[in-house]
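Engineer: Below is the structure I would like to discuss, written out as structure tokens.
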Amino acid sequence: MKRPQKITFADMRDMGVRGLLIYCSDYRCSHSTAISGDRWPDDVRLSDIEPKFTCQACGKRGADVRPDFHWEA
């Protein structure tokens with residue numbers, strides 16, 4: 001099953017958002033972290049980078065990536 005496409009980094013930056021929330025794809029793990037999204041170009045979608053993450057707590061590949069609307073806080 002293909003995951004739905006999420007917004008691009010350009011869309012996110014147009015909203016004034018620069019940070020990302022990264023959640024482990026294993027619901028039993030629930031590990032999460034916040035990082036900057038500055039390293040990715042505008043044409044990349046958040047859904048494009050999700051398979052590239054590996055959880056540092058449980059080792060599972062894949063993540064749920066979302067904009068961090070409170071990055072500056």
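Going by the structure tokens order, chains are called A, B, ..., each with residues numbered from 1, while ligands are numbered from 1 in the order shown.
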From the DSSP assignment of the backbone, select every residue of chain A that is strand (DSSP E or B), and format the answer as a PyMOL selection string.

Structural biologist: chain A and resi 8+19-24+32-36+45+54+61+63-68

Engineer: Go ahead and save the picked residues with N, CA and C atoms, as a compact mmCIF listing (two decimals), in the first residue's frame.

Structural biologist:
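Below you can see result12.txt, which holds the result:
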# COMPACT_ATOMS: atom_id res chain seq x y z
N THR A 8 5.32 19.62 0.22
CA THR A 8 6.74 19.81 -0.07
C THR A 8 7.36 20.73 0.99
N GLY A 19 10.88 23.61 11.07
CA GLY A 19 11.19 22.42 11.85
C GLY A 19 10.34 21.22 11.47
N LEU A 20 10.86 20.04 11.84
CA LEU A 20 10.16 18.79 11.59
C LEU A 20 10.00 18.00 12.88
N LEU A 21 8.88 17.32 13.01
CA LEU A 21 8.68 16.34 14.06
C LEU A 21 8.78 14.98 13.42
N ILE A 22 9.64 14.12 13.96
CA ILE A 22 9.87 12.79 13.41
C ILE A 22 9.38 11.77 14.42
N TYR A 23 8.43 10.93 14.04
CA TYR A 23 7.87 9.91 14.92
C TYR A 23 8.22 8.53 14.38
N CYS A 24 8.63 7.63 15.25
CA CYS A 24 8.91 6.25 14.86
C CYS A 24 7.67 5.65 14.23
N SER A 32 10.19 9.84 19.46
CA SER A 32 10.06 10.99 18.56
C SER A 32 11.20 11.96 18.82
N THR A 33 11.42 12.82 17.84
CA THR A 33 12.43 13.86 17.96
C THR A 33 12.04 15.03 17.07
N ALA A 34 12.64 16.18 17.33
CA ALA A 34 12.42 17.37 16.51
C ALA A 34 13.75 17.77 15.88
N ILE A 35 13.71 18.05 14.57
CA ILE A 35 14.92 18.46 13.85
C ILE A 35 14.60 19.61 12.91
N SER A 36 15.63 20.25 12.42
CA SER A 36 15.49 21.30 11.42
C SER A 36 15.25 20.67 10.04
N ARG A 45 9.22 16.22 -0.92
CA ARG A 45 8.03 16.08 -0.08
C ARG A 45 8.40 15.44 1.25
N THR A 54 15.71 5.88 10.51
CA THR A 54 15.78 4.69 11.35
C THR A 54 15.68 5.15 12.79
N ARG A 61 12.91 0.89 10.66
CA ARG A 61 13.04 1.83 9.55
C ARG A 61 11.70 2.46 9.23
N ALA A 63 9.43 6.42 9.22
CA ALA A 63 8.98 7.39 10.21
C ALA A 63 7.75 8.12 9.69
N ASP A 64 7.09 8.78 10.59
CA ASP A 64 6.01 9.70 10.24
C ASP A 64 6.61 11.09 10.43
N VAL A 65 6.73 11.86 9.35
CA VAL A 65 7.35 13.18 9.40
C VAL A 65 6.26 14.23 9.25
N ARG A 66 6.27 15.19 10.18
CA ARG A 66 5.27 16.26 10.17
C ARG A 66 5.93 17.61 10.40
N PRO A 67 5.31 18.67 9.91
CA PRO A 67 5.84 20.01 10.20
C PRO A 67 5.75 20.31 11.69
N ASP A 68 6.75 20.99 12.21
CA ASP A 68 6.75 21.42 13.61
C ASP A 68 6.38 22.89 13.65

Engineer: Would you list the contacts of Pro41 (chain A) as a ChimeraX atom specification, taking every protein, DNA or RNA residue within 12 Å and counting only C-alpha atoms, but skipping same-chain residues closer than 5 positions in sequence?

Structural biologist: /A:8-13,18,46,48-49

Engineer: Can you work out which one of A:Asp38, A:Asp43, A:Cys29, A:Cys58 has the shortest atom-to-atom distance to Val17 (chain A), counting only C-alpha atoms?

Structural biologist: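 Checking each candidate against Val17 (chain A), we get A:Asp38 as the closest.
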
Engineer: What's the separation between CA of Gly16 (chain A) and CA of Gly62 (chain A), in Å to one decimal place?

Structural biologist: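 Distance reported for this atom pair: 25.8 Å.
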
Engineer: Using the chain letters and numbers from this document, which residues of chain A does DSSP assign to helix (DSSP H, G or I), as a list of chain:residue names?

Structural biologist: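 Going through chain A, the helix (DSSP H, G or I) residues come out as A:Phe9, A:Ala10, A:Asp11, A:Met12, A:Arg13, A:Asp14, A:Leu46, A:Ser47, A:Asp48, A:Ile49, A:Glu50, A:Pro51, A:Lys52.
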
Engineer: Write the selection just made, keeping N, CA, C and O atoms, as a PDB file, in the first residue's frame?

Structural biologist:
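Result went into again.pdb, see below:
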ATOM      1  N   PHE A   9       8.692  20.734   1.011  1.00  0.00           N
ATOM      2  CA  PHE A   9       9.377  21.650   1.914  1.00  0.00           C
ATOM      3  C   PHE A   9       9.093  23.097   1.524  1.00  0.00           C
ATOM      4  O   PHE A   9       9.032  23.970   2.393  1.00  0.00           O
ATOM      5  N   ALA A  10       8.901  23.366   0.233  1.00  0.00           N
ATOM      6  CA  ALA A  10       8.550  24.730  -0.202  1.00  0.00           C
ATOM      7  C   ALA A  10       7.200  25.132   0.391  1.00  0.00           C
ATOM      8  O   ALA A  10       7.050  26.261   0.879  1.00  0.00           O
ATOM      9  N   ASP A  11       6.223  24.224   0.361  1.00  0.00           N
ATOM     10  CA  ASP A  11       4.904  24.509   0.957  1.00  0.00           C
ATOM     11  C   ASP A  11       5.047  24.803   2.447  1.00  0.00           C
ATOM     12  O   ASP A  11       4.433  25.732   2.977  1.00  0.00           O
ATOM     13  N   MET A  12       5.846  23.988   3.111  1.00  0.00           N
ATOM     14  CA  MET A  12       6.047  24.146   4.544  1.00  0.00           C
ATOM     15  C   MET A  12       6.713  25.491   4.850  1.00  0.00           C
ATOM     16  O   MET A  12       6.277  26.220   5.748  1.00  0.00           O
ATOM     17  N   ARG A  13       7.746  25.835   4.081  1.00  0.00           N
ATOM     18  CA  ARG A  13       8.451  27.101   4.306  1.00  0.00           C
ATOM     19  C   ARG A  13       7.570  28.305   3.985  1.00  0.00           C
ATOM     20  O   ARG A  13       7.687  29.352   4.632  1.00  0.00           O
ATOM     21  N   ASP A  14       6.684  28.162   2.996  1.00  0.00           N
ATOM     22  CA  ASP A  14       5.745  29.238   2.681  1.00  0.00           C
ATOM     23  C   ASP A  14       4.822  29.538   3.859  1.00  0.00           C
ATOM     24  O   ASP A  14       4.343  30.658   4.011  1.00  0.00           O
ATOM     25  N   LEU A  46       7.667  15.783   2.285  1.00  0.00           N
ATOM     26  CA  LEU A  46       7.909  15.160   3.586  1.00  0.00           C
ATOM     27  C   LEU A  46       7.777  13.643   3.476  1.00  0.00           C
ATOM     28  O   LEU A  46       8.552  12.897   4.077  1.00  0.00           O
ATOM     29  N   SER A  47       6.835  13.172   2.678  1.00  0.00           N
ATOM     30  CA  SER A  47       6.641  11.727   2.496  1.00  0.00           C
ATOM     31  C   SER A  47       7.822  11.078   1.768  1.00  0.00           C
ATOM     32  O   SER A  47       8.050   9.872   1.917  1.00  0.00           O
ATOM     33  N   ASP A  48       8.601  11.858   1.012  1.00  0.00           N
ATOM     34  CA  ASP A  48       9.769  11.313   0.309  1.00  0.00           C
ATOM     35  C   ASP A  48      10.882  10.912   1.272  1.00  0.00           C
ATOM     36  O   ASP A  48      11.650   9.995   0.992  1.00  0.00           O
ATOM     37  N   ILE A  49      10.993  11.605   2.401  1.00  0.00           N
ATOM     38  CA  ILE A  49      12.093  11.325   3.325  1.00  0.00           C
ATOM     39  C   ILE A  49      11.712  10.334   4.421  1.00  0.00           C
ATOM     40  O   ILE A  49      12.587   9.827   5.119  1.00  0.00           O
ATOM     41  N   GLU A  50      10.442  10.038   4.580  1.00  0.00           N
ATOM     42  CA  GLU A  50      10.000   9.146   5.660  1.00  0.00           C
ATOM     43  C   GLU A  50      10.692   7.783   5.666  1.00  0.00           C
ATOM     44  O   GLU A  50      11.108   7.316   6.734  1.00  0.00           O
ATOM     45  N   PRO A  51      10.865   7.120   4.523  1.00  0.00           N
ATOM     46  CA  PRO A  51      11.511   5.802   4.554  1.00  0.00           C
ATOM     47  C   PRO A  51      13.001   5.844   4.897  1.00  0.00           C
ATOM     48  O   PRO A  51      13.599   4.825   5.202  1.00  0.00           O
ATOM     49  N   LYS A  52      13.607   7.014   4.873  1.00  0.00           N
ATOM     50  CA  LYS A  52      15.053   7.136   5.089  1.00  0.00           C
ATOM     51  C   LYS A  52      15.455   7.165   6.565  1.00  0.00           C
ATOM     52  O   LYS A  52      16.629   7.053   6.884  1.00  0.00           O
TER      53      LYS A  52
END

Engineer: May I ask for the distance between CA of His31 (chain A) and CA of Phe53 (chain A), given in Å to one decimal place?

Structural biologist: 12.2 Å

Engineer: Would you mind reading off the distance between CA of Arg28 (chain A) and CA of His70 (chain A), one decimal, in Å?

Structural biologist: 25.1 Å
